[in-house]
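**Student:** Pasting entry11.tsv below, which is TSV, C-alpha atoms and all ligand atoms.
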chain	number	residue	atom	x	y	z
A	1	MET	CA	113.79	-99.74	-163.91
A	2	THR	CA	113.18	-97.14	-161.19
A	3	ALA	CA	114.98	-97.34	-157.86
A	4	PRO	CA	113.48	-98.73	-154.64
A	5	ILE	CA	112.21	-96.12	-152.18
A	6	ILE	CA	113.54	-96.13	-148.62
A	7	ASN	CA	110.44	-95.66	-146.48
A	8	GLY	CA	111.38	-93.47	-143.49
A	9	LYS	CA	107.90	-93.62	-142.02
A	10	GLN	CA	107.98	-97.39	-141.87
A	11	VAL	CA	111.51	-97.56	-140.44
A	12	SER	CA	110.60	-94.88	-137.90
A	13	GLU	CA	107.57	-96.92	-136.83
A	14	GLU	CA	109.77	-100.03	-136.37
A	15	ILE	CA	112.06	-98.06	-134.04
A	16	ARG	CA	109.08	-96.59	-132.17
A	17	SER	CA	107.78	-100.13	-131.49
A	18	GLN	CA	111.12	-100.97	-129.85
A	19	ILE	CA	111.09	-97.72	-127.86
A	20	ARG	CA	107.58	-98.48	-126.53
A	21	ILE	CA	108.78	-101.84	-125.20
A	22	GLU	CA	111.78	-100.24	-123.47
A	23	VAL	CA	109.61	-97.46	-121.99
A	24	GLU	CA	107.34	-100.09	-120.41
A	25	GLU	CA	110.39	-101.87	-118.95
A	26	LEU	CA	111.69	-98.61	-117.52
A	27	LYS	CA	108.28	-97.72	-116.10
A	28	GLY	CA	108.36	-101.10	-114.34
A	29	LYS	CA	111.42	-99.77	-112.51
A	30	GLY	CA	109.57	-96.59	-111.58
A	31	VAL	CA	111.12	-94.34	-114.26
A	32	GLN	CA	109.15	-92.55	-116.99
A	33	PRO	CA	111.38	-90.89	-119.63
A	34	GLY	CA	110.70	-87.13	-119.63
A	35	LEU	CA	111.33	-84.53	-122.32
A	36	ALA	CA	111.16	-80.75	-121.87
A	37	VAL	CA	110.78	-78.65	-125.02
A	38	VAL	CA	111.31	-74.90	-124.84
A	39	LEU	CA	109.88	-72.63	-127.54
A	40	VAL	CA	110.59	-68.90	-127.47
A	41	GLY	CA	108.43	-66.77	-129.74
A	42	GLU	CA	105.85	-67.62	-132.41
A	43	ASP	CA	107.81	-68.88	-135.42
A	44	PRO	CA	105.14	-70.89	-137.35
A	45	ALA	CA	107.48	-73.71	-138.47
A	46	SER	CA	108.85	-74.07	-134.93
A	47	GLN	CA	105.31	-74.27	-133.55
A	48	VAL	CA	104.59	-77.22	-135.87
A	49	TYR	CA	107.86	-78.98	-134.91
A	50	VAL	CA	107.15	-78.52	-131.21
A	51	ARG	CA	103.60	-79.83	-131.53
A	52	ASN	CA	104.95	-82.92	-133.33
A	53	LYS	CA	107.43	-83.53	-130.49
A	54	GLU	CA	104.58	-83.26	-127.97
A	55	LYS	CA	102.57	-85.81	-129.99
A	56	ALA	CA	105.54	-88.19	-130.12
A	57	CYS	CA	105.78	-88.05	-126.31
A	58	VAL	CA	102.10	-88.99	-125.97
A	59	ASP	CA	102.47	-91.73	-128.61
A	60	LEU	CA	105.42	-93.36	-126.82
A	61	GLY	CA	104.33	-92.90	-123.19
A	62	PHE	CA	106.91	-90.25	-122.26
A	63	TYR	CA	106.34	-87.50	-119.71
A	64	SER	CA	106.49	-84.16	-121.51
A	65	GLU	CA	106.63	-80.48	-120.65
A	66	VAL	CA	106.39	-77.75	-123.25
A	67	HIS	CA	107.45	-74.27	-122.16
A	68	ARG	CA	106.02	-71.71	-124.59
A	69	LEU	CA	107.64	-68.36	-123.81
A	70	PRO	CA	106.96	-64.95	-125.37
A	71	ALA	CA	109.41	-63.54	-127.93
A	72	SER	CA	110.26	-60.84	-125.39
A	73	THR	CA	111.80	-63.41	-122.99
A	74	THR	CA	115.29	-62.31	-121.92
A	75	GLN	CA	118.35	-64.55	-122.17
A	76	GLU	CA	118.62	-64.44	-118.37
A	77	GLU	CA	115.03	-65.70	-117.96
A	78	LEU	CA	115.69	-68.52	-120.44
A	79	LEU	CA	118.91	-69.51	-118.63
A	80	VAL	CA	117.02	-69.61	-115.30
A	81	LEU	CA	114.48	-72.02	-116.84
A	82	ILE	CA	117.25	-74.24	-118.27
A	83	ASP	CA	118.96	-74.32	-114.89
A	84	LYS	CA	115.69	-75.44	-113.29
A	85	LEU	CA	115.18	-78.18	-115.92
A	86	ASN	CA	118.81	-79.33	-115.52
A	87	GLY	CA	118.03	-80.05	-111.86
A	88	GLN	CA	114.54	-81.52	-112.35
A	89	ALA	CA	114.52	-85.31	-111.79
A	90	SER	CA	111.42	-85.95	-113.97
A	91	ILE	CA	113.18	-84.44	-117.01
A	92	HIS	CA	115.85	-86.48	-118.84
A	93	GLY	CA	115.99	-84.54	-122.10
A	94	ILE	CA	115.95	-80.79	-122.78
A	95	LEU	CA	115.42	-79.34	-126.24
A	96	VAL	CA	115.41	-75.61	-126.92
A	97	GLN	CA	113.79	-75.11	-130.31
A	98	LEU	CA	115.96	-73.14	-132.76
A	99	PRO	CA	116.09	-70.50	-134.12
A	100	LEU	CA	115.89	-68.26	-131.05
A	101	PRO	CA	114.94	-64.56	-131.25
A	102	SER	CA	117.96	-62.48	-132.31
A	103	HIS	CA	118.48	-60.85	-128.88
A	104	ILE	CA	119.30	-64.26	-127.38
A	105	HIS	CA	122.81	-65.70	-127.88
A	106	GLU	CA	122.18	-69.24	-129.12
A	107	LYS	CA	125.55	-70.67	-128.08
A	108	SER	CA	125.18	-69.45	-124.48
A	109	VAL	CA	121.84	-71.25	-124.28
A	110	ILE	CA	123.10	-74.52	-125.78
A	111	ASP	CA	126.18	-74.44	-123.50
A	112	ALA	CA	123.88	-74.08	-120.45
A	113	ILE	CA	122.03	-77.36	-121.11
A	114	SER	CA	123.34	-80.24	-119.02
A	115	VAL	CA	125.51	-82.51	-121.23
A	116	GLU	CA	123.58	-85.56	-119.97
A	117	LYS	CA	120.21	-83.99	-120.95
A	118	ASP	CA	121.34	-82.52	-124.30
A	119	VAL	CA	119.11	-84.74	-126.48
A	120	ASP	CA	119.81	-82.57	-129.57
A	121	GLY	CA	123.50	-83.49	-129.29
A	122	PHE	CA	124.44	-79.83	-129.85
A	123	HIS	CA	126.47	-79.21	-126.65
A	124	PRO	CA	130.20	-78.82	-127.42
A	125	VAL	CA	131.04	-81.73	-125.10
A	126	ASN	CA	128.69	-84.04	-127.01
A	127	VAL	CA	130.05	-82.72	-130.34
A	128	GLY	CA	133.62	-83.31	-129.10
A	129	ASN	CA	132.81	-86.84	-127.98
A	130	LEU	CA	131.28	-87.51	-131.39
A	131	VAL	CA	134.53	-86.39	-133.07
A	132	ILE	CA	136.64	-88.56	-130.75
A	133	GLY	CA	134.27	-91.53	-131.12
A	134	ASP	CA	133.35	-91.66	-127.43
A	135	ASP	CA	129.83	-92.27	-126.13
A	136	SER	CA	127.64	-89.21	-126.62
A	137	LEU	CA	124.08	-88.20	-127.38
A	138	LEU	CA	124.10	-88.09	-131.21
A	139	PRO	CA	122.43	-85.28	-133.15
A	140	CYS	CA	119.02	-86.56	-134.25
A	141	THR	CA	118.93	-86.03	-138.01
A	142	PRO	CA	122.45	-87.44	-138.66
A	143	ALA	CA	121.73	-90.44	-136.41
A	144	GLY	CA	118.46	-90.92	-138.32
A	145	VAL	CA	120.32	-90.93	-141.66
A	146	ILE	CA	122.68	-93.70	-140.51
A	147	GLU	CA	119.84	-95.75	-138.99
A	148	LEU	CA	117.82	-95.44	-142.20
A	149	ILE	CA	120.73	-96.65	-144.37
A	150	LYS	CA	121.46	-99.58	-142.06
A	151	ARG	CA	117.84	-100.66	-141.67
A	152	ALA	CA	117.41	-100.59	-145.46
A	153	GLY	CA	120.03	-103.38	-145.43
A	154	ILE	CA	122.72	-101.23	-147.09
A	155	GLU	CA	126.37	-101.91	-146.19
A	156	ILE	CA	128.28	-98.71	-145.32
A	157	SER	CA	131.71	-100.18	-144.52
A	158	GLY	CA	134.26	-99.68	-147.30
A	159	LYS	CA	131.90	-97.56	-149.39
A	160	HIS	CA	132.67	-94.11	-150.75
A	161	ALA	CA	130.16	-91.66	-149.29
A	162	VAL	CA	129.85	-88.07	-150.51
A	163	VAL	CA	128.12	-85.58	-148.20
A	164	ILE	CA	126.84	-82.38	-149.82
A	165	GLY	CA	126.55	-79.62	-147.17
A	166	ARG	CA	128.77	-78.80	-144.17
A	167	SER	CA	126.32	-77.52	-141.55
A	168	ASN	CA	126.94	-78.16	-137.85
A	169	ILE	CA	123.50	-79.77	-137.52
A	170	VAL	CA	123.69	-82.21	-140.46
A	171	GLY	CA	126.67	-82.22	-142.88
A	172	LYS	CA	129.57	-82.28	-140.40
A	173	PRO	CA	128.09	-84.84	-137.95
A	174	VAL	CA	126.79	-87.09	-140.74
A	175	SER	CA	130.32	-87.23	-142.23
A	176	LEU	CA	131.73	-88.24	-138.82
A	177	LEU	CA	129.10	-90.94	-138.33
A	178	LEU	CA	129.73	-92.35	-141.82
A	179	GLN	CA	133.47	-92.52	-141.02
A	180	ARG	CA	132.63	-94.28	-137.77
A	181	GLU	CA	130.79	-96.86	-139.93
A	182	ASN	CA	134.01	-97.28	-141.95
A	183	ALA	CA	132.97	-95.36	-145.07
A	184	THR	CA	135.47	-93.22	-146.97
A	185	VAL	CA	133.93	-89.77	-146.85
A	186	THR	CA	134.23	-86.78	-149.18
A	187	MET	CA	132.67	-83.46	-148.15
A	188	CYS	CA	131.21	-81.13	-150.76
A	189	HIS	CA	129.64	-77.71	-150.20
A	190	SER	CA	128.48	-74.59	-152.01
A	191	ARG	CA	132.07	-73.62	-152.96
A	192	THR	CA	133.17	-77.06	-154.20
A	193	ALA	CA	134.48	-76.55	-157.76
A	194	ASN	CA	134.13	-80.02	-159.26
A	195	MET	CA	131.12	-81.33	-157.38
A	196	LYS	CA	129.72	-83.63	-160.06
A	197	GLU	CA	133.12	-85.32	-160.60
A	198	LEU	CA	133.11	-86.18	-156.90
A	199	THR	CA	129.47	-87.17	-156.47
A	200	LYS	CA	129.61	-89.40	-159.57
A	201	GLN	CA	132.21	-91.54	-157.74
A	202	ALA	CA	130.00	-92.02	-154.69
A	203	ASP	CA	128.33	-95.26	-153.63
A	204	ILE	CA	126.28	-93.25	-151.09
A	205	VAL	CA	125.28	-89.58	-151.51
A	206	VAL	CA	123.83	-87.64	-148.55
A	207	VAL	CA	122.41	-84.27	-149.59
A	208	ALA	CA	121.93	-81.51	-147.00
A	209	ILE	CA	122.64	-78.28	-148.84
A	210	GLY	CA	119.28	-76.56	-148.33
A	211	ARG	CA	118.48	-75.86	-152.01
A	212	ALA	CA	115.34	-77.31	-153.56
A	213	ASN	CA	115.97	-79.95	-156.26
A	214	PHE	CA	119.72	-79.14	-156.35
A	215	VAL	CA	120.90	-82.67	-157.22
A	216	ASP	CA	119.67	-84.15	-160.50
A	217	ALA	CA	120.53	-87.43	-162.26
A	218	SER	CA	123.75	-85.96	-163.73
A	219	TYR	CA	125.30	-86.02	-160.20
A	220	ILE	CA	124.64	-89.69	-159.55
A	221	LYS	CA	126.49	-92.92	-160.41
A	222	PRO	CA	124.06	-95.64	-161.56
A	223	GLY	CA	122.89	-97.65	-158.56
A	224	ALA	CA	124.18	-95.23	-155.88
A	225	VAL	CA	122.21	-94.83	-152.64
A	226	VAL	CA	120.73	-91.31	-152.31
A	227	ILE	CA	119.66	-89.82	-148.95
A	228	ASP	CA	117.85	-86.47	-149.15
A	229	VAL	CA	117.90	-84.41	-145.94
A	230	GLY	CA	116.40	-81.32	-147.62
A	231	MET	CA	113.18	-79.70	-146.43
A	232	ASN	CA	112.48	-76.69	-148.64
A	233	ARG	CA	109.13	-74.93	-148.67
A	234	LEU	CA	108.30	-73.90	-152.27
A	235	GLU	CA	106.28	-70.80	-153.20
A	236	ASN	CA	103.26	-73.02	-153.93
A	237	GLY	CA	103.43	-74.25	-150.31
A	238	LYS	CA	104.68	-77.73	-151.24
A	239	LEU	CA	107.65	-79.36	-149.54
A	240	ALA	CA	110.66	-80.19	-151.76
A	241	GLY	CA	113.88	-82.00	-150.96
A	242	ASP	CA	117.39	-81.08	-152.12
A	243	VAL	CA	117.16	-83.91	-154.66
A	244	ASP	CA	115.16	-83.86	-157.89
A	245	PHE	CA	113.54	-87.17	-156.99
A	246	ALA	CA	111.90	-88.00	-160.36
A	247	SER	CA	115.11	-87.49	-162.33
A	248	VAL	CA	117.48	-89.15	-159.82
A	249	GLN	CA	115.25	-92.18	-159.26
A	250	GLU	CA	115.81	-93.12	-162.94
A	251	VAL	CA	119.53	-93.81	-162.31
A	252	SER	CA	120.05	-94.27	-158.56
A	253	GLY	CA	119.80	-97.25	-156.26
A	254	PRO	CA	117.68	-96.99	-153.09
A	255	ILE	CA	116.54	-93.39	-152.50
A	256	THR	CA	114.65	-91.50	-149.77
A	257	PRO	CA	111.60	-89.40	-150.70
A	258	VAL	CA	110.64	-85.98	-149.28
A	259	PRO	CA	108.39	-86.08	-147.36
A	260	GLY	CA	108.49	-89.57	-145.84
A	261	GLY	CA	112.25	-90.22	-145.84
A	262	VAL	CA	114.65	-88.69	-143.32
A	263	GLY	CA	111.98	-86.37	-141.81
A	264	PRO	CA	110.06	-88.97	-139.76
A	265	MET	CA	113.38	-90.31	-138.41
A	266	THR	CA	114.43	-87.06	-136.72
A	267	ILE	CA	111.78	-86.96	-133.98
A	268	THR	CA	112.05	-90.72	-133.47
A	269	MET	CA	115.80	-90.35	-132.83
A	270	LEU	CA	115.05	-87.51	-130.40
A	271	MET	CA	112.80	-89.89	-128.48
A	272	LYS	CA	115.51	-92.58	-128.61
A	273	ASN	CA	118.02	-90.08	-127.19
A	274	THR	CA	115.62	-89.17	-124.38
A	275	LEU	CA	115.21	-92.86	-123.56
A	276	ILE	CA	119.02	-93.31	-123.52
A	277	ALA	CA	119.39	-90.23	-121.28
A	278	ALA	CA	116.70	-91.55	-118.91
A	279	LYS	CA	118.52	-94.88	-118.60
A	280	ARG	CA	121.89	-93.21	-118.01
A	281	LEU	CA	120.48	-90.84	-115.38
A	282	ASN	CA	118.81	-93.61	-113.37
B	301	LIG	N1	115.08	-76.33	-135.36
B	301	LIG	C1	115.11	-77.01	-136.53
B	301	LIG	N2	115.67	-78.22	-136.36
B	301	LIG	C2	116.00	-78.31	-135.05
B	301	LIG	C3	116.60	-79.34	-134.25
B	301	LIG	O1	116.97	-80.41	-134.72
B	301	LIG	N3	116.75	-79.04	-132.93
B	301	LIG	C4	116.39	-77.85	-132.40
B	301	LIG	N4	116.60	-77.65	-131.12
B	301	LIG	N5	115.82	-76.87	-133.12
B	301	LIG	C5	115.62	-77.12	-134.43
What does this structure look like when you write it as structure tokens?
Ligand code: GUN

**Tutor:**
Amino acid sequence: MTAPIINGKQVSEEIRSQIRIEVEELKGKGVQPGLAVVLVGEDPASQVYVRNKEKACVDLGFYSEVHRLPASTTQEELLVLIDKLNGQASIHGILVQLPLPSHIHEKSVIDAISVEKDVDGFHPVNVGNLVIGDDSLLPCTPAGVIELIKRAGIEISGKHAVVIGRSNIVGKPVSLLLQRENATVTMCHSRTANMKELTKQADIVVVAIGRANFVDASYIKPGAVVIDVGMNRLENGKLAGDVDFASVQEVSGPITPVPGGVGPMTITMLMKNTLIAAKRLN
């Protein structure tokens, strides 16, 4: 019997329906949630991501501003724009699309975004509050992973979760959020010696290692939940996850596909963060 598929598109749409209701309520109080997206340069993948964020704003009734700046923009010019957006009342969320051109120091830019408007959850204060367990704006993809597991009706508390990948954007925050949900968490990464021994003990496996089809059925305990955060562009132009879906689905429990799993959740969680920021700022 093959495993049930966790449908990220459907879950994302459920959350969007709730966001629409809350946006209408907020508009009734004279507040429209506003998101500013800043794109420096012409990276093709970033252009697609930014366009999708713009579409999500239209779809959910948010005010949106997209600042498309040339690759030659200086760090100083970018910091001036961020300062302006930090002080702009119609903007509740600021997202600077990464990666930035190499002459711009990424950390200086992230640090300049107001903590209250940091809807990526990348500012060190938000990261620190996540570690402590205090209120913070949560990074979008990790928050989307947890939401997807919960809304699929899967219990996290008491389970053994193995996270493959230790990036600042996904692996590290996802492990913290799983601990917050009372899972016992093991971290694996590219240098882990006995990875299969560890993953085969997991009730939940979250894969964010950035290598196409890295995890096959031999890594998975029968019935385990498998969440694939991978987005790898193959030479033939197709999108592949970090999980060999066809092989793993033969042994796993509920599993997310790529595309249509974690991907649709990320922008939806960005919109949720912007809504939260708008409420907190008003
Ligand atoms: N580039 C790729 N993913 C992301 C993301 O989640 N946030 C930002 N700001 N840039 C990205």

**Student:** As a ChimeraX atom specification, please: the residues near Ser90 of chain A (cut-off 9 Å, all atoms listed in the file, same-chain neighbours under 5 positions excluded).

**Tutor:** /A:31-35,63,85

**Student:** Could the residues in this selection be saved with C-alpha atoms as an mmCIF file, in the frame of the given file?

**Tutor:**
data_model
loop_
_atom_site.group_PDB
_atom_site.id
_atom_site.type_symbol
_atom_site.label_atom_id
_atom_site.label_comp_id
_atom_site.auth_asym_id
_atom_site.auth_seq_id
_atom_site.Cartn_x
_atom_site.Cartn_y
_atom_site.Cartn_z
ATOM 1 C CA VAL A 31 111.120 -94.340 -114.260
ATOM 2 C CA GLN A 32 109.150 -92.550 -116.990
ATOM 3 C CA PRO A 33 111.380 -90.890 -119.630
ATOM 4 C CA GLY A 34 110.700 -87.130 -119.630
ATOM 5 C CA LEU A 35 111.330 -84.530 -122.320
ATOM 6 C CA TYR A 63 106.340 -87.500 -119.710
ATOM 7 C CA LEU A 85 115.180 -78.180 -115.920
#

**Student:** Atom CA of Lys279 of chain A to atom CA of Asp118 of chain A: how many Å, to one decimal?

**Tutor:** 13.9 Å

**Student:** Give the answer as one residue: which of A:Asn213, A:Gln201, A:Asn168, A:Ser108 has the shortest atom-to-atom distance to Thr184 of chain A, using all atoms listed in the file?

**Tutor:**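 Between A:Asn213, A:Gln201, A:Asn168, A:Ser108, the residue approaching Thr184 of chain A most closely is A:Gln201.
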
**Student:** Enumerate as a list of chain:residue names the residues within 7 Å of ligand LIG 301 (chain B), counting all atoms listed in the file.

**Tutor:**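 Sorted by chain and then by number, the residues are A:Ser46, A:Leu95, A:Val96, A:Gln97, A:Leu98, A:Pro99, A:Asp120, A:Cys140, A:Thr141.
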
**Student:** Please write the residues from the selection above to a file, keeping C-alpha atoms, as a PDB file, in the coordinates of the input.

**Tutor:**
ATOM      1  CA  SER A  46     108.850 -74.070-134.930  1.00  0.00           C
ATOM      2  CA  LEU A  95     115.420 -79.340-126.240  1.00  0.00           C
ATOM      3  CA  VAL A  96     115.410 -75.610-126.920  1.00  0.00           C
ATOM      4  CA  GLN A  97     113.790 -75.110-130.310  1.00  0.00           C
ATOM      5  CA  LEU A  98     115.960 -73.140-132.760  1.00  0.00           C
ATOM      6  CA  PRO A  99     116.090 -70.500-134.120  1.00  0.00           C
ATOM      7  CA  ASP A 120     119.810 -82.570-129.570  1.00  0.00           C
ATOM      8  CA  CYS A 140     119.020 -86.560-134.250  1.00  0.00           C
ATOM      9  CA  THR A 141     118.930 -86.030-138.010  1.00  0.00           C
TER      10      THR A 141
END

**Student:** Please define a box with edges along x, y and z of the file around all atoms of segment 230-241 of chain A given in the file, extend it by 4 Å on each side, and return its centre and edge lengths in Å to one decimal, as lines of an AutoDock Vina configuration file.

**Tutor:**
center_x = 109.8
center_y = -76.4
center_z = -150.2
size_x = 21.1
size_y = 19.2
size_z = 15.5

**Student:** What lies within 8 Å of segment 10-13 of chain A using all atoms listed in the file, ignoring chain neighbours under 3 positions off, as a list in words?

**Tutor:**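 Using all atoms listed in the file, the neighbours found are Asn7, Arg16, Ser17, Leu148, Arg151, Pro264, Met265 and Thr268 of chain A.
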
**Student:** Looking at all atoms listed in the file, which of A:Ala36, A:Leu239, A:Val80, A:Ile91 is the one that sits closest to Asn282 of chain A?

**Tutor:** A:Ile91

**Student:** Report, in Å with one decimal, the straight-line distance from atom CA of Ala202 of chain A to atom CA of Lys159 of chain A.

**Tutor:**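 Computing it gives 7.9 Å between the two atoms.
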
**Student:** Mind checking which residues fall within 9 Å of Val262 of chain A, counting all atoms listed in the file, ignoring those fewer than 3 positions away in the same chain, and posting them as a list in words?

**Tutor:**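 Close residues of Val262 of chain A: Asn7, Gly8, Lys9, Thr141, Gly144, Val145, Leu148, Ile227, Asp228, Val229, Gly230, Thr256, Pro257, Val258, Pro259, Met265 and Thr266 of chain A.
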
**Student:** For Glu22 of chain A, which residue among A:Leu138, A:Lys53, A:Val115, A:Phe62 is the nearest when counting all atoms listed in the file?

**Tutor:**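 Checking each of A:Leu138, A:Lys53, A:Val115, A:Phe62 against Glu22 of chain A, counting all atoms listed in the file, the winner is A:Phe62.
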
**Student:** Using only C-alpha atoms, which of the listed residues (A:Leu270, A:Val125, A:Leu60, A:Val205) sits closest to Ile19 of chain A?

**Tutor:**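 Looking at the shortest contact to Ile19 of chain A, the residue is A:Leu60.
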
**Student:** Go through A:Asp242, A:Glu155, A:Asp134, A:Asp43 one by one, measure the shortest atom-to-atom distance of each to Ala183 of chain A using only C-alpha atoms, and give the residue with the smallest value.

**Tutor:**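 Closest residue, counting only C-alpha atoms: A:Glu155.
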
**Student:** Closest to Phe245 of chain A among A:Gly41, A:Leu137, A:Leu275, A:Ala212, using only C-alpha atoms?

**Tutor:**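 Checking each candidate against Phe245 of chain A, we get A:Ala212 as the closest.
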
**Student:** Would you compute the distance between atom CA of Ala193 of chain A and atom CA of Leu178 of chain A? Give it in Å to one decimal.

**Tutor:**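 Computing the Euclidean distance for atom CA of Ala193 of chain A and atom CA of Leu178 of chain A yields 22.9 Å.
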
**Student:** List as a PyMOL selection string the protein and nucleic acid residues near Asp111 of chain A, meaning an atom at most 12 Å away when only C-alpha atoms are counted, but skip any in the same chain fewer than 4 places from it.

**Tutor:** chain A and resi 79+82-83+86+96+105-107+115-118+120-127

**Student:** Regenerate segment 90-112 of chain A at the level of N, CA and C atoms and dump it as an mmCIF file, in the frame of the given file.

**Tutor:**
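Generated file (rebuild_23.cif):
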data_model
loop_
_atom_site.group_PDB
_atom_site.id
_atom_site.type_symbol
_atom_site.label_atom_id
_atom_site.label_comp_id
_atom_site.auth_asym_id
_atom_site.auth_seq_id
_atom_site.Cartn_x
_atom_site.Cartn_y
_atom_site.Cartn_z
ATOM 1 N N SER A 90 112.374 -85.353 -113.032
ATOM 2 C CA SER A 90 111.420 -85.950 -113.970
ATOM 3 C C SER A 90 111.772 -85.660 -115.432
ATOM 4 N N ILE A 91 112.762 -84.801 -115.648
ATOM 5 C CA ILE A 91 113.180 -84.440 -117.010
ATOM 6 C C ILE A 91 114.547 -85.049 -117.326
ATOM 7 N N HIS A 92 114.582 -85.839 -118.428
ATOM 8 C CA HIS A 92 115.850 -86.480 -118.840
ATOM 9 C C HIS A 92 116.407 -85.860 -120.113
ATOM 10 N N GLY A 93 115.545 -85.183 -120.868
ATOM 11 C CA GLY A 93 115.990 -84.540 -122.100
ATOM 12 C C GLY A 93 115.470 -83.111 -122.174
ATOM 13 N N ILE A 94 116.344 -82.201 -122.611
ATOM 14 C CA ILE A 94 115.950 -80.790 -122.780
ATOM 15 C C ILE A 94 116.236 -80.385 -124.213
ATOM 16 N N LEU A 95 115.221 -79.823 -124.881
ATOM 17 C CA LEU A 95 115.420 -79.340 -126.240
ATOM 18 C C LEU A 95 114.925 -77.895 -126.326
ATOM 19 N N VAL A 96 115.806 -76.999 -126.678
ATOM 20 C CA VAL A 96 115.410 -75.610 -126.920
ATOM 21 C C VAL A 96 115.271 -75.460 -128.438
ATOM 22 N N GLN A 97 114.049 -75.190 -128.870
ATOM 23 C CA GLN A 97 113.790 -75.110 -130.310
ATOM 24 C C GLN A 97 114.529 -73.920 -130.914
ATOM 25 N N LEU A 98 115.232 -74.180 -132.025
ATOM 26 C CA LEU A 98 115.960 -73.140 -132.760
ATOM 27 C C LEU A 98 115.186 -72.799 -134.036
ATOM 28 N N PRO A 99 115.276 -71.623 -134.578
ATOM 29 C CA PRO A 99 116.090 -70.500 -134.120
ATOM 30 C C PRO A 99 115.469 -69.764 -132.933
ATOM 31 N N LEU A 100 116.344 -69.108 -132.151
ATOM 32 C CA LEU A 100 115.890 -68.260 -131.050
ATOM 33 C C LEU A 100 115.789 -66.821 -131.551
ATOM 34 N N PRO A 101 114.982 -65.986 -130.869
ATOM 35 C CA PRO A 101 114.940 -64.560 -131.250
ATOM 36 C C PRO A 101 116.353 -63.963 -131.227
ATOM 37 N N SER A 102 116.591 -62.948 -132.072
ATOM 38 C CA SER A 102 117.960 -62.480 -132.310
ATOM 39 C C SER A 102 118.628 -61.862 -131.082
ATOM 40 N N HIS A 103 117.841 -61.433 -130.061
ATOM 41 C CA HIS A 103 118.480 -60.850 -128.880
ATOM 42 C C HIS A 103 119.028 -61.910 -127.924
ATOM 43 N N ILE A 104 118.786 -63.188 -128.237
ATOM 44 C CA ILE A 104 119.300 -64.260 -127.380
ATOM 45 C C ILE A 104 120.489 -64.943 -128.073
ATOM 46 N N HIS A 105 121.587 -65.100 -127.345
ATOM 47 C CA HIS A 105 122.810 -65.700 -127.880
ATOM 48 C C HIS A 105 122.671 -67.219 -127.824
ATOM 49 N N GLU A 106 122.507 -67.815 -129.023
ATOM 50 C CA GLU A 106 122.180 -69.240 -129.120
ATOM 51 C C GLU A 106 123.214 -70.124 -128.420
ATOM 52 N N LYS A 107 124.483 -69.814 -128.640
ATOM 53 C CA LYS A 107 125.550 -70.670 -128.080
ATOM 54 C C LYS A 107 125.515 -70.671 -126.546
ATOM 55 N N SER A 108 125.226 -69.506 -125.950
ATOM 56 C CA SER A 108 125.180 -69.450 -124.480
ATOM 57 C C SER A 108 124.068 -70.346 -123.942
ATOM 58 N N VAL A 109 122.984 -70.431 -124.701
ATOM 59 C CA VAL A 109 121.840 -71.250 -124.280
ATOM 60 C C VAL A 109 122.178 -72.731 -124.411
ATOM 61 N N ILE A 110 122.747 -73.103 -125.561
ATOM 62 C CA ILE A 110 123.100 -74.520 -125.780
ATOM 63 C C ILE A 110 124.138 -74.967 -124.740
ATOM 64 N N ASP A 111 125.120 -74.103 -124.472
ATOM 65 C CA ASP A 111 126.180 -74.440 -123.500
ATOM 66 C C ASP A 111 125.616 -74.626 -122.089
ATOM 67 N N ALA A 112 124.450 -74.020 -121.808
ATOM 68 C CA ALA A 112 123.880 -74.080 -120.450
ATOM 69 C C ALA A 112 123.125 -75.386 -120.203
#
